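See below for structure_1.cif, which holds mmCIF, C-alpha atoms.
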data_query
#
loop_
_atom_site.label_atom_id
_atom_site.label_comp_id
_atom_site.auth_asym_id
_atom_site.auth_seq_id
_atom_site.Cartn_x
_atom_site.Cartn_y
_atom_site.Cartn_z
CA MET A 1 165.61 -153.47 150.78
CA THR A 2 169.22 -154.41 151.63
CA LYS A 3 169.98 -154.40 155.32
CA LYS A 4 172.58 -151.87 156.44
CA LYS A 5 175.71 -153.64 157.65
CA LYS A 6 176.29 -152.87 161.32
CA LYS A 7 179.69 -151.67 162.50
CA ILE A 8 180.86 -152.24 166.07
CA TRP A 9 184.16 -151.35 167.72
CA ILE A 10 185.65 -153.22 170.70
CA PHE A 11 188.39 -151.61 172.81
CA ALA A 12 190.64 -153.64 175.15
CA GLY A 13 193.68 -152.08 176.81
CA GLU A 14 194.91 -155.04 178.87
CA ALA A 15 195.60 -158.76 178.42
CA SER A 16 192.38 -159.89 180.13
CA GLY A 17 190.37 -157.47 177.99
CA ASP A 18 192.00 -158.87 174.86
CA THR A 19 190.83 -162.36 175.88
CA TYR A 20 187.27 -161.17 176.55
CA GLY A 21 187.20 -159.01 173.43
CA ALA A 22 188.23 -161.93 171.24
CA GLN A 23 185.45 -164.23 172.44
CA LEU A 24 182.94 -161.38 172.45
CA ALA A 25 183.72 -160.67 168.79
CA LYS A 26 183.32 -164.35 167.88
CA SER A 27 179.97 -164.58 169.66
CA ILE A 28 178.64 -161.34 168.16
CA ARG A 29 179.61 -162.44 164.67
CA GLU A 30 177.96 -165.85 165.19
CA LEU A 31 174.72 -164.33 166.47
CA GLU A 32 174.57 -161.91 163.53
CA HIS A 33 175.32 -164.73 161.09
CA GLN A 34 172.46 -166.81 162.54
CA ALA A 35 170.14 -163.82 162.04
CA GLY A 36 171.28 -163.39 158.44
CA ASN A 37 173.09 -160.12 159.16
CA GLU A 38 176.56 -158.94 158.25
CA ILE A 39 178.71 -157.05 160.73
CA GLU A 40 182.06 -155.26 160.75
CA ILE A 41 184.11 -155.58 163.95
CA ALA A 42 187.18 -153.40 164.52
CA GLY A 43 188.95 -152.19 167.60
CA MET A 44 191.92 -151.76 169.90
CA GLY A 45 193.37 -155.01 171.16
CA ALA A 46 196.18 -157.53 170.90
CA GLY A 47 196.90 -160.99 169.54
CA LYS A 48 193.75 -162.80 170.65
CA MET A 49 191.38 -160.21 169.21
CA LYS A 50 193.35 -160.17 165.97
CA ALA A 51 193.17 -163.99 165.78
CA ALA A 52 189.39 -163.72 166.32
CA GLY A 53 189.09 -161.67 163.14
CA VAL A 54 188.87 -158.21 164.68
CA ASP A 55 190.31 -155.48 162.46
CA ILE A 56 192.95 -154.14 164.87
CA MET A 57 193.28 -150.38 164.52
CA VAL A 58 195.64 -150.06 167.51
CA ASP A 59 197.78 -152.80 169.12
CA SER A 60 197.34 -152.52 172.91
CA SER A 61 199.98 -155.11 173.91
CA GLU A 62 202.12 -152.65 175.89
CA LEU A 63 199.38 -150.38 177.26
CA GLY A 64 198.41 -152.42 180.34
CA VAL A 65 200.40 -150.60 183.04
CA MET A 66 199.42 -149.70 186.62
CA GLY A 67 200.55 -146.84 188.83
CA LEU A 68 201.03 -143.12 188.23
CA PHE A 69 204.72 -143.24 187.33
CA GLU A 70 204.29 -146.27 185.10
CA VAL A 71 201.50 -144.53 183.14
CA MET A 72 203.57 -141.35 182.78
CA LYS A 73 206.27 -143.27 180.91
CA ILE A 74 203.88 -144.00 178.04
CA ILE A 75 201.51 -141.04 178.38
CA PHE A 76 202.40 -139.48 175.00
CA THR A 77 201.79 -142.78 173.23
CA ILE A 78 198.39 -143.05 174.94
CA ILE A 79 197.46 -139.47 173.97
CA LYS A 80 198.43 -140.09 170.34
CA ILE A 81 196.31 -143.28 170.25
CA PHE A 82 193.37 -141.48 171.87
CA PHE A 83 193.18 -138.73 169.27
CA PHE A 84 193.74 -141.16 166.41
CA LEU A 85 190.77 -143.29 167.52
CA LYS A 86 188.57 -140.30 168.34
CA ASN A 87 189.08 -138.79 164.89
CA LYS A 88 188.52 -142.17 163.23
CA ALA A 89 185.25 -142.61 165.14
CA ILE A 90 184.04 -139.17 164.09
CA LYS A 91 184.79 -140.04 160.47
CA GLU A 92 183.47 -143.63 160.40
CA ARG A 93 180.69 -143.39 163.03
CA PRO A 94 180.40 -146.98 164.30
CA ASP A 95 176.94 -148.10 165.42
CA ALA A 96 178.30 -148.78 168.89
CA VAL A 97 181.61 -148.87 170.76
CA VAL A 98 182.17 -151.60 173.36
CA LEU A 99 184.69 -150.46 175.97
CA ILE A 100 186.23 -153.25 178.08
CA ASP A 101 187.43 -152.09 181.52
CA TYR A 102 190.63 -149.90 181.13
CA PRO A 103 188.87 -146.90 182.75
CA GLY A 104 191.59 -144.24 182.54
CA PHE A 105 191.47 -144.31 178.74
CA ASN A 106 187.98 -145.62 178.11
CA LEU A 107 186.06 -143.17 180.30
CA ARG A 108 187.56 -140.23 178.41
CA PHE A 109 186.79 -141.94 175.14
CA ALA A 110 183.20 -142.58 176.26
CA LYS A 111 182.84 -138.85 176.94
CA GLU A 112 183.96 -138.01 173.40
CA MET A 113 181.58 -140.56 171.90
CA HIS A 114 178.70 -139.22 174.01
CA LYS A 115 179.35 -135.70 172.69
CA ARG A 116 179.04 -137.00 169.14
CA GLY A 117 176.02 -139.25 169.62
CA ILE A 118 177.91 -142.55 169.18
CA PRO A 119 176.46 -145.12 171.64
CA VAL A 120 178.78 -146.69 174.22
CA ILE A 121 178.41 -150.13 175.80
CA TRP A 122 180.74 -150.65 178.76
CA TYR A 123 181.78 -154.23 179.47
CA VAL A 124 183.51 -155.08 182.78
CA SER A 125 182.82 -152.19 185.12
CA PRO A 126 185.63 -150.13 186.63
CA GLN A 127 185.98 -150.79 190.35
CA ILE A 128 184.04 -147.67 191.25
CA TRP A 129 182.90 -149.22 194.53
CA SER A 130 186.41 -148.68 195.93
CA TRP A 131 188.10 -146.20 193.59
CA HIS A 132 186.76 -142.93 192.16
CA LYS A 133 183.14 -143.26 193.31
CA SER A 134 182.35 -140.05 191.39
CA ARG A 135 182.87 -142.00 188.17
CA ILE A 136 179.51 -143.71 188.60
CA HIS A 137 177.73 -140.50 187.54
CA LYS A 138 180.05 -140.04 184.56
CA LEU A 139 179.47 -143.62 183.45
CA ALA A 140 175.72 -143.13 183.75
CA LYS A 141 175.97 -139.98 181.62
CA TYR A 142 178.32 -141.25 178.90
CA CYS A 143 177.19 -144.88 178.52
CA GLU A 144 174.01 -146.36 177.12
CA LYS A 145 174.52 -149.84 178.57
CA MET A 146 176.64 -151.36 181.37
CA LEU A 147 177.46 -155.09 181.32
CA VAL A 148 178.79 -156.21 184.71
CA ILE A 149 180.55 -159.46 185.58
CA PHE A 150 180.06 -159.50 189.36
CA PRO A 151 176.59 -159.96 190.89
CA PHE A 152 176.97 -157.22 193.52
CA GLU A 153 177.63 -154.58 190.83
CA THR A 154 173.96 -154.24 189.86
CA GLU A 155 173.40 -152.96 193.42
CA VAL A 156 176.22 -150.44 192.97
CA TYR A 157 174.59 -149.01 189.82
CA ALA A 158 171.04 -149.11 191.19
CA LYS A 159 171.42 -145.54 192.47
CA VAL A 160 171.91 -144.08 188.96
CA ASN A 161 169.86 -144.18 185.78
CA LEU A 162 172.06 -146.59 183.80
CA ASP A 163 170.81 -149.73 182.05
CA THR A 164 172.88 -152.36 183.90
CA GLU A 165 172.88 -156.10 183.26
CA PHE A 166 174.76 -158.87 185.09
CA VAL A 167 176.07 -161.23 182.41
CA GLY A 168 178.32 -163.51 184.48
CA HIS A 169 182.09 -163.73 184.65
CA PRO A 170 183.70 -164.93 181.40
CA LEU A 171 186.61 -166.53 183.22
CA VAL A 172 184.32 -169.25 184.60
CA ASP A 173 183.61 -170.54 181.09
CA ILE A 174 187.14 -169.93 179.77
CA ILE A 175 188.80 -171.84 182.60
CA ARG A 176 186.28 -174.67 182.50
CA GLU A 177 187.09 -175.12 178.80
CA GLN A 178 190.81 -175.21 179.62
CA ARG A 179 190.36 -177.88 182.29
CA ASP A 180 192.24 -181.07 181.54
CA PRO A 181 190.91 -184.06 183.52
CA SER A 182 194.24 -185.86 183.08
CA ILE A 183 196.03 -183.27 185.27
CA VAL A 184 196.29 -184.36 188.91
CA ARG A 185 197.18 -181.91 191.66
CA ASP A 186 200.62 -182.33 193.19
CA PRO A 187 200.41 -181.40 196.89
CA ASN A 188 204.16 -180.75 196.93
CA THR A 189 204.16 -178.10 194.19
CA LEU A 190 203.93 -174.42 195.12
CA VAL A 191 203.46 -172.03 192.18
CA LEU A 192 204.59 -168.39 192.34
CA LEU A 193 202.56 -165.98 190.20
CA PRO A 194 204.37 -162.62 190.42
CA GLY A 195 202.21 -160.78 187.88
CA SER A 196 202.48 -159.61 184.31
CA ARG A 197 203.79 -156.07 184.73
CA SER A 198 207.47 -155.24 185.09
CA MET A 199 207.02 -153.06 188.18
CA GLU A 200 204.90 -155.71 189.92
CA ILE A 201 207.64 -158.26 189.43
CA CYS A 202 210.34 -155.88 190.67
CA ARG A 203 208.45 -155.34 193.92
CA LEU A 204 206.95 -158.77 194.53
CA LEU A 205 209.30 -161.47 193.28
CA ARG A 206 212.01 -160.91 195.88
CA PRO A 207 209.67 -161.38 198.90
CA MET A 208 208.18 -164.36 197.07
CA LEU A 209 211.65 -165.89 196.75
CA GLU A 210 212.37 -165.16 200.41
CA THR A 211 209.14 -167.00 201.22
CA ALA A 212 210.24 -169.95 199.04
CA VAL A 213 213.49 -170.16 201.02
CA GLU A 214 211.51 -170.29 204.28
CA MET A 215 208.97 -172.81 202.96
CA LYS A 216 211.75 -175.11 201.71
CA LYS A 217 213.25 -175.13 205.20
CA ARG A 218 209.89 -176.07 206.70
CA HIS A 219 208.93 -178.56 203.97
CA PRO A 220 211.98 -180.00 202.16
CA ALA A 221 209.76 -181.99 199.76
CA LEU A 222 208.22 -178.82 198.27
CA LYS A 223 208.91 -178.02 194.61
CA PHE A 224 208.63 -174.47 193.25
CA VAL A 225 207.43 -173.08 189.93
CA ILE A 226 207.41 -169.51 188.61
CA SER A 227 204.72 -169.02 185.97
CA THR A 228 204.29 -165.89 183.82
CA PRO A 229 202.05 -164.98 180.88
CA ARG A 230 204.86 -164.05 178.45
CA GLU A 231 208.44 -165.03 177.63
CA LYS A 232 209.66 -161.45 178.14
CA THR A 233 208.21 -161.45 181.66
CA LEU A 234 209.77 -164.84 182.37
CA LYS A 235 213.26 -163.60 181.41
CA HIS A 236 212.82 -160.70 183.81
CA CYS A 237 211.95 -163.19 186.58
CA GLU A 238 214.99 -165.32 185.75
CA GLU A 239 217.27 -162.27 186.03
CA ILE A 240 215.89 -161.40 189.48
CA TYR A 241 216.08 -165.04 190.59
CA ASN A 242 219.71 -165.48 189.48
CA LYS A 243 220.76 -162.27 191.24
CA PHE A 244 218.87 -163.34 194.39
CA LYS A 245 220.41 -166.82 194.41
CA ARG A 246 223.95 -165.40 194.26
CA SER A 247 223.21 -163.66 197.56
CA TYR A 248 221.23 -166.56 199.04
CA PRO A 249 222.74 -169.88 197.87
CA ASP A 250 220.12 -171.91 199.79
CA THR A 251 217.39 -170.58 197.47
CA PRO A 252 215.53 -173.63 196.12
CA ASP A 253 215.65 -174.50 192.43
CA MET A 254 212.71 -173.17 190.41
CA GLU A 255 211.00 -174.38 187.28
CA PHE A 256 210.37 -171.36 185.01
CA THR A 257 207.45 -171.47 182.57
CA TYR A 258 205.42 -169.01 180.51
CA GLU A 259 202.01 -169.36 178.86
CA LYS A 260 201.34 -172.35 181.13
CA THR A 261 199.57 -170.64 184.02
CA SER A 262 196.35 -172.54 183.29
CA TYR A 263 198.25 -175.82 183.62
CA TRP A 264 199.79 -174.86 186.97
CA GLN A 265 196.46 -173.63 188.30
CA GLN A 266 195.29 -177.23 187.86
CA LYS A 267 198.55 -178.96 188.79
CA ALA A 268 199.96 -177.05 191.79
CA GLY A 269 198.86 -177.81 195.32
CA THR A 270 199.13 -174.22 196.57
CA GLY A 271 199.93 -170.76 195.18
CA LEU A 272 201.38 -167.37 196.07
CA ALA A 273 200.10 -164.68 193.71
CA ALA A 274 200.08 -160.99 192.92
CA SER A 275 196.63 -159.46 193.28
CA GLY A 276 194.74 -159.28 190.01
CA THR A 277 192.57 -161.27 187.65
CA VAL A 278 194.76 -164.31 188.26
CA THR A 279 193.28 -164.68 191.76
CA VAL A 280 189.81 -165.20 190.27
CA GLU A 281 191.27 -167.64 187.73
CA CYS A 282 192.87 -169.66 190.52
CA ALA A 283 189.64 -169.76 192.54
CA ILE A 284 187.73 -171.05 189.51
CA ALA A 285 190.45 -173.65 188.90
CA GLY A 286 190.33 -174.67 192.58
CA LEU A 287 193.84 -173.53 193.57
CA PRO A 288 194.10 -172.05 197.11
CA LEU A 289 196.22 -168.89 197.26
CA VAL A 290 197.92 -166.36 199.44
CA VAL A 291 197.68 -162.94 197.74
CA VAL A 292 200.15 -160.03 197.86
CA TYR A 293 200.54 -156.57 196.39
CA LYS A 294 202.95 -153.63 196.61
CA MET A 295 203.00 -150.23 194.91
CA ASN A 296 205.57 -147.46 194.99
CA LEU A 297 205.33 -145.15 198.02
CA PHE A 298 203.86 -142.14 196.19
CA THR A 299 201.19 -144.26 194.48
CA ILE A 300 200.15 -145.93 197.74
CA LEU A 301 199.93 -142.54 199.51
CA LEU A 302 197.77 -141.20 196.69
CA ALA A 303 195.66 -144.36 196.68
CA SER A 304 195.10 -144.09 200.44
CA LEU A 305 193.36 -140.75 199.82
CA LEU A 306 191.18 -142.04 196.99
CA VAL A 307 190.54 -145.72 197.67
CA THR A 308 188.14 -147.35 200.07
CA LEU A 309 188.51 -151.11 200.42
CA TYR A 310 185.10 -152.34 199.30
CA ARG A 311 183.83 -154.86 201.83
CA GLY A 312 187.24 -154.47 203.52
CA PHE A 313 189.36 -156.32 200.92
CA PHE A 314 191.55 -155.65 197.88
CA THR A 315 191.49 -159.21 196.49
CA MET A 316 188.56 -159.68 194.11
CA VAL A 317 187.78 -163.21 195.30
CA ASN A 318 187.27 -161.87 198.83
CA ILE A 319 185.16 -158.94 197.60
CA ILE A 320 182.85 -161.26 195.66
CA ALA A 321 182.51 -163.70 198.56
CA ASN A 322 182.26 -160.84 201.10
CA LYS A 323 184.68 -162.73 203.36
CA GLU A 324 188.39 -163.56 203.52
CA VAL A 325 188.74 -166.60 201.29
CA PHE A 326 192.38 -165.90 200.35
CA GLU A 327 194.57 -164.29 203.00
CA GLU A 328 195.89 -161.00 201.56
CA PHE A 329 198.96 -158.90 202.36
CA LEU A 330 199.63 -155.34 201.22
CA GLN A 331 202.81 -153.18 201.21
CA TYR A 332 204.85 -153.60 204.44
CA GLU A 333 202.96 -156.80 205.33
CA VAL A 334 204.53 -158.59 202.35
CA LYS A 335 207.19 -160.39 204.39
CA SER A 336 208.40 -163.97 204.18
CA GLY A 337 207.44 -164.88 207.75
CA LYS A 338 203.82 -163.76 207.40
CA LEU A 339 203.47 -165.26 203.94
CA SER A 340 204.95 -168.59 205.02
CA ASP A 341 202.57 -168.84 207.97
CA ALA A 342 199.61 -168.08 205.69
CA LEU A 343 200.77 -170.69 203.16
CA GLU A 344 201.08 -173.25 205.95
CA ARG A 345 197.38 -172.80 206.69
CA ILE A 346 196.31 -173.65 203.11
CA LEU A 347 198.76 -176.40 202.23
CA PRO A 348 197.10 -179.80 201.75
CA HIS A 349 196.01 -180.83 205.26
CA GLY A 350 196.48 -177.23 206.47
CA LYS A 351 193.88 -176.02 208.97
CA ARG A 352 192.19 -173.62 206.47
CA ARG A 353 192.42 -175.83 203.39
CA LYS A 354 188.91 -177.36 203.38
CA GLU A 355 187.28 -174.05 204.29
CA VAL A 356 189.07 -172.26 201.42
CA GLU A 357 188.10 -174.98 198.94
CA ALA A 358 184.43 -174.74 199.97
CA ASP A 359 184.45 -170.93 199.76
CA MET A 360 186.04 -170.97 196.30
CA LYS A 361 183.29 -173.28 195.07
CA LYS A 362 180.53 -171.02 196.43
CA MET A 363 182.12 -167.95 194.86
CA VAL A 364 182.33 -169.61 191.44
CA GLU A 365 178.66 -170.65 191.61
CA SER A 366 177.69 -167.00 192.17
CA LEU A 367 179.48 -165.95 188.96
CA SER A 368 178.00 -168.36 186.44
CA ASP A 369 174.73 -169.27 184.74
CA GLU A 370 174.28 -172.86 183.60
CA LYS A 371 171.94 -171.82 180.75
CA ILE A 372 174.32 -169.49 178.87
CA THR A 373 178.02 -168.67 178.94
CA ALA A 374 179.00 -165.23 180.20
CA LEU A 375 180.50 -164.10 176.90
CA ASP A 376 177.51 -165.35 174.91
CA HIS A 377 175.28 -163.46 177.35
CA ALA A 378 177.36 -160.29 176.84
CA ALA A 379 177.34 -160.75 173.05
CA LYS A 380 173.55 -161.24 173.07
CA ALA A 381 173.15 -157.99 175.04
CA CYS A 382 175.38 -156.15 172.53
CA VAL A 383 173.49 -157.48 169.51
CA GLU A 384 170.10 -156.64 171.06
CA PHE A 385 171.40 -153.13 171.72
CA LEU A 386 172.54 -152.75 168.09
CA HIS A 387 169.15 -153.71 166.71
CA ARG A 388 166.71 -152.20 169.18
#
How does this structure look as structure tokens?
Amino acid sequence: MTKKKKKIWIFAGEASGDTYGAQLAKSIRELEHQAGNEIEIAGMGAGKMKAAGVDIMVDSSELGVMGLFEVMKIIFTIIKIFFFLKNKAIKERPDAVVLIDYPGFNLRFAKEMHKRGIPVIWYVSPQIWSWHKSRIHKLAKYCEKMLVIFPFETEVYAKVNLDTEFVGHPLVDIIREQRDPSIVRDPNTLVLLPGSRSMEICRLLRPMLETAVEMKKRHPALKFVISTPREKTLKHCEEIYNKFKRSYPDTPDMEFTYEKTSYWQQKAGTGLAASGTVTVECAIAGLPLVVVYKMNLFTILLASLLVTLYRGFFTMVNIIANKEVFEEFLQYEVKSGKLSDALERILPHGKRRKEVEADMKKMVESLSDEKITALDHAAKACVEFLHR
């Protein structure tokens, strides 16, 4: 009897999800090939998933936005995509749908799949421990399997009847593979990582530049780099920088780069970064940071009603470690004086430098398993689910 070819969909709405989805697809296909099985993999994603051989039904390149107003600008596009994918799922009935993070969209999609008996595997849990705690019951109802990347998350899901498995954080393996032993840290380089979203950059780059002005006064030997994930984002940064420098001629020169963040995480001595996945990347790469974040006033007021800082932090590195590894500054605290003082403490030979380096190492050890990579572990869990 001929084996029925399995069909799995993978949905990623943001850049990090596209990275994970690409490797997940490769690992799933390899495991099925080793078992003598054929598999079809389709989904929603961007360039990396497409390069990994995923049949891209929807390009998600511009869907990774944050904040109420930012989402409203593309809401009709999101609704159109949602109904297109829902109707396609009803028609084609994949054996399973793997939803990677992106909770606003994916949780609603999981509900629709649950109604129609299409199994859902959720990979990379939403941050329900601090935001929308009620979602834990919805996830338990709509999902068949939860794959978590932080060790404390199994405790979070212990209170509900949801098959939850800690698979490790994929960034540990990804960044280790990117490590170049020929790159030597330059203690006099400070890298600015203002984020990947337009609104983040609009709010954060100016105070970052003000901090660079102050740090240059204190340490004339410092060199500054602005690193972004895409060329479009870099051009936006250059526009803000040029306008800022016209008003403040003593602004230090900057080196502008894109698609080289991994290099600067290994090369720079210190960093100033927007909160997000990049903070975990930097910790894995061994780059001490000061972390900042700002949202528009309405969003922060709404968030204050809905969000509880899990373990007292908003930076993921600190949440995982359950202590302040990276000093973090939110909203009105994002000021050049405070940021400069915090950077002073983690510069090479700064009074917190060794402590931060030791804490980063401990955090990374808690996220990885020497026996299997995180993405291979996740792929193995998906394949076992498909065939059980």
Using all atoms listed in the file, find each residue in stretch 161-267 of chain A having at least one atom no more than 10 Å away from stretch 119-124 of chain A; report its shortest atom-to-atom pair and that distance in Å (one decimal), rows by chain then rising number, as CSV.
residue,atom,partner,partner_atom,distance
A:Asp163,CA,A:Ile121,CA,9.8
A:Thr164,CA,A:Trp122,CA,9.5
A:Glu165,CA,A:Tyr123,CA,9.9
A:Phe166,CA,A:Val124,CA,9.8
A:Val167,CA,A:Tyr123,CA,9.5
A:His169,CA,A:Val124,CA,9.0
A:Pro170,CA,A:Val124,CA,9.9
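For the choices A:His219, A:Ala273, A:Pro249, A:Arg176, the atom-to-atom distance to A:Ile201 is smallest for A:Ala273 when using only C-alpha atoms.
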Carefully work through the PyMOL selection byres ((chain A and resi 3-17) around 6) for this structure and note down the residues it includes, as a PDB file with C-alpha atoms, in the coordinates of the input.
ATOM      1  CA  THR A   2     169.220-154.410 151.630  1.00  0.00           C
ATOM      2  CA  ASP A  18     192.000-158.870 174.860  1.00  0.00           C
ATOM      3  CA  THR A  19     190.830-162.360 175.880  1.00  0.00           C
ATOM      4  CA  TYR A  20     187.270-161.170 176.550  1.00  0.00           C
ATOM      5  CA  GLY A  21     187.200-159.010 173.430  1.00  0.00           C
ATOM      6  CA  GLU A  38     176.560-158.940 158.250  1.00  0.00           C
ATOM      7  CA  ILE A  39     178.710-157.050 160.730  1.00  0.00           C
ATOM      8  CA  GLU A  40     182.060-155.260 160.750  1.00  0.00           C
ATOM      9  CA  ILE A  41     184.110-155.580 163.950  1.00  0.00           C
ATOM     10  CA  ALA A  42     187.180-153.400 164.520  1.00  0.00           C
ATOM     11  CA  GLY A  43     188.950-152.190 167.600  1.00  0.00           C
ATOM     12  CA  MET A  44     191.920-151.760 169.900  1.00  0.00           C
ATOM     13  CA  GLY A  45     193.370-155.010 171.160  1.00  0.00           C
ATOM     14  CA  SER A  60     197.340-152.520 172.910  1.00  0.00           C
ATOM     15  CA  LEU A  63     199.380-150.380 177.260  1.00  0.00           C
ATOM     16  CA  GLY A  64     198.410-152.420 180.340  1.00  0.00           C
ATOM     17  CA  PRO A  94     180.400-146.980 164.300  1.00  0.00           C
ATOM     18  CA  ASP A  95     176.940-148.100 165.420  1.00  0.00           C
ATOM     19  CA  ALA A  96     178.300-148.780 168.890  1.00  0.00           C
ATOM     20  CA  VAL A  97     181.610-148.870 170.760  1.00  0.00           C
ATOM     21  CA  VAL A  98     182.170-151.600 173.360  1.00  0.00           C
ATOM     22  CA  LEU A  99     184.690-150.460 175.970  1.00  0.00           C
ATOM     23  CA  ILE A 100     186.230-153.250 178.080  1.00  0.00           C
ATOM     24  CA  TYR A 102     190.630-149.900 181.130  1.00  0.00           C
TER      25      TYR A 102
END
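Residue membership of the PyMOL selection byres ((chain A and resi 342) around 10) in the shown file amounts to Leu272, Leu289, Val290, Val291, Phe326, Glu327, Glu328, Phe329, Ser336, Gly337, Lys338, Leu339, Ser340, Asp341, Leu343, Glu344, Arg345, Ile346, Leu347, Gly350 and Arg352 of chain A.
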Hey, which of A:Lys245, A:Arg135, A:Lys232, A:Arg353 ends up closest to A:Gly286? Count all atoms listed in the file.
-> A:Arg353
Starting from the displayed file, determine the output of the PyMOL selection byres ((chain A and resi 86) around 12) and express the residue list as a ChimeraX atom specification.
-> /A:9,43,57,79-85,87-94,97,105-106,108-116,118
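Checking A:Val317, A:Leu190, A:Ala358, A:Ile284 one by one against A:Thr270, counting only C-alpha atoms, you find the shortest gap at A:Leu190.
Here the selection is built from all atoms listed in the file, and the residues within 10 Å of (176.3, -150.1, 188.2) turn out to be Ser125, Pro126, Gln127, Ile128, Trp129, Ile136, His137, Leu139, Ala140, Lys145, Met146, Leu147, Val148, Phe152, Glu153, Thr154, Glu155, Val156, Tyr157, Ala158, Lys159, Val160, Asn161, Leu162, Asp163, Thr164, Glu165 and Phe166 of chain A.
When atom CA of A:Val280 is paired with atom CA of A:Val364, their separation reads 8.8 Å.
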Would you mind listing what lies within 10 Å of A:Asn322 as an MDAnalysis selection string, with all atoms listed in the file counted and same-chain residues fewer than 3 positions away left out?
-> chainID A and resid 152 310:313 316:319 325 363
For A:Leu330, which residue out of A:Thr315, A:Thr277, A:Thr251, A:Ser134 is the nearest one, using only C-alpha atoms?
-> A:Thr315
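Atom to atom, atom CA of A:Ala378 and atom CA of A:Pro229 stand 25.5 Å apart.
Interatomic distance, atom CA of A:Leu234 to atom CA of A:Tyr263: 16.0 Å.
With distances restricted to only C-alpha atoms, A:Pro187 is the closest residue to A:His349 from A:Phe314, A:Pro187, A:Asp369, A:Lys133.
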With distances taken over all atoms listed in the file, the candidate from A:Arg206, A:Pro194, A:Glu231, A:Glu238 nearest A:Gly276 is A:Pro194
First collect every listed atom of stretch 320-324 of chain A; then fit an axis-aligned box around them, widen it by 8 Å on each side, and give centre and edge lengths in Å to one decimal, as JSON.
{"center_x": 185.3, "center_y": -162.3, "center_z": 199.6, "size_x": 22.1, "size_y": 18.9, "size_z": 23.9}
Just give me the residues with any atom within 9 Å of (210.9, -181.8, 190.9), file coordinates, counting all atoms listed in the file, written as an MDAnalysis selection string.
-> chainID A and resid 189 221:224 253:255
If you count only C-alpha atoms, which residues fall within 8 Å of A:Ala285, apart from same-chain ones fewer than 5 positions away, as number ranges by chain?
-> A: 175-176, 179, 265-266
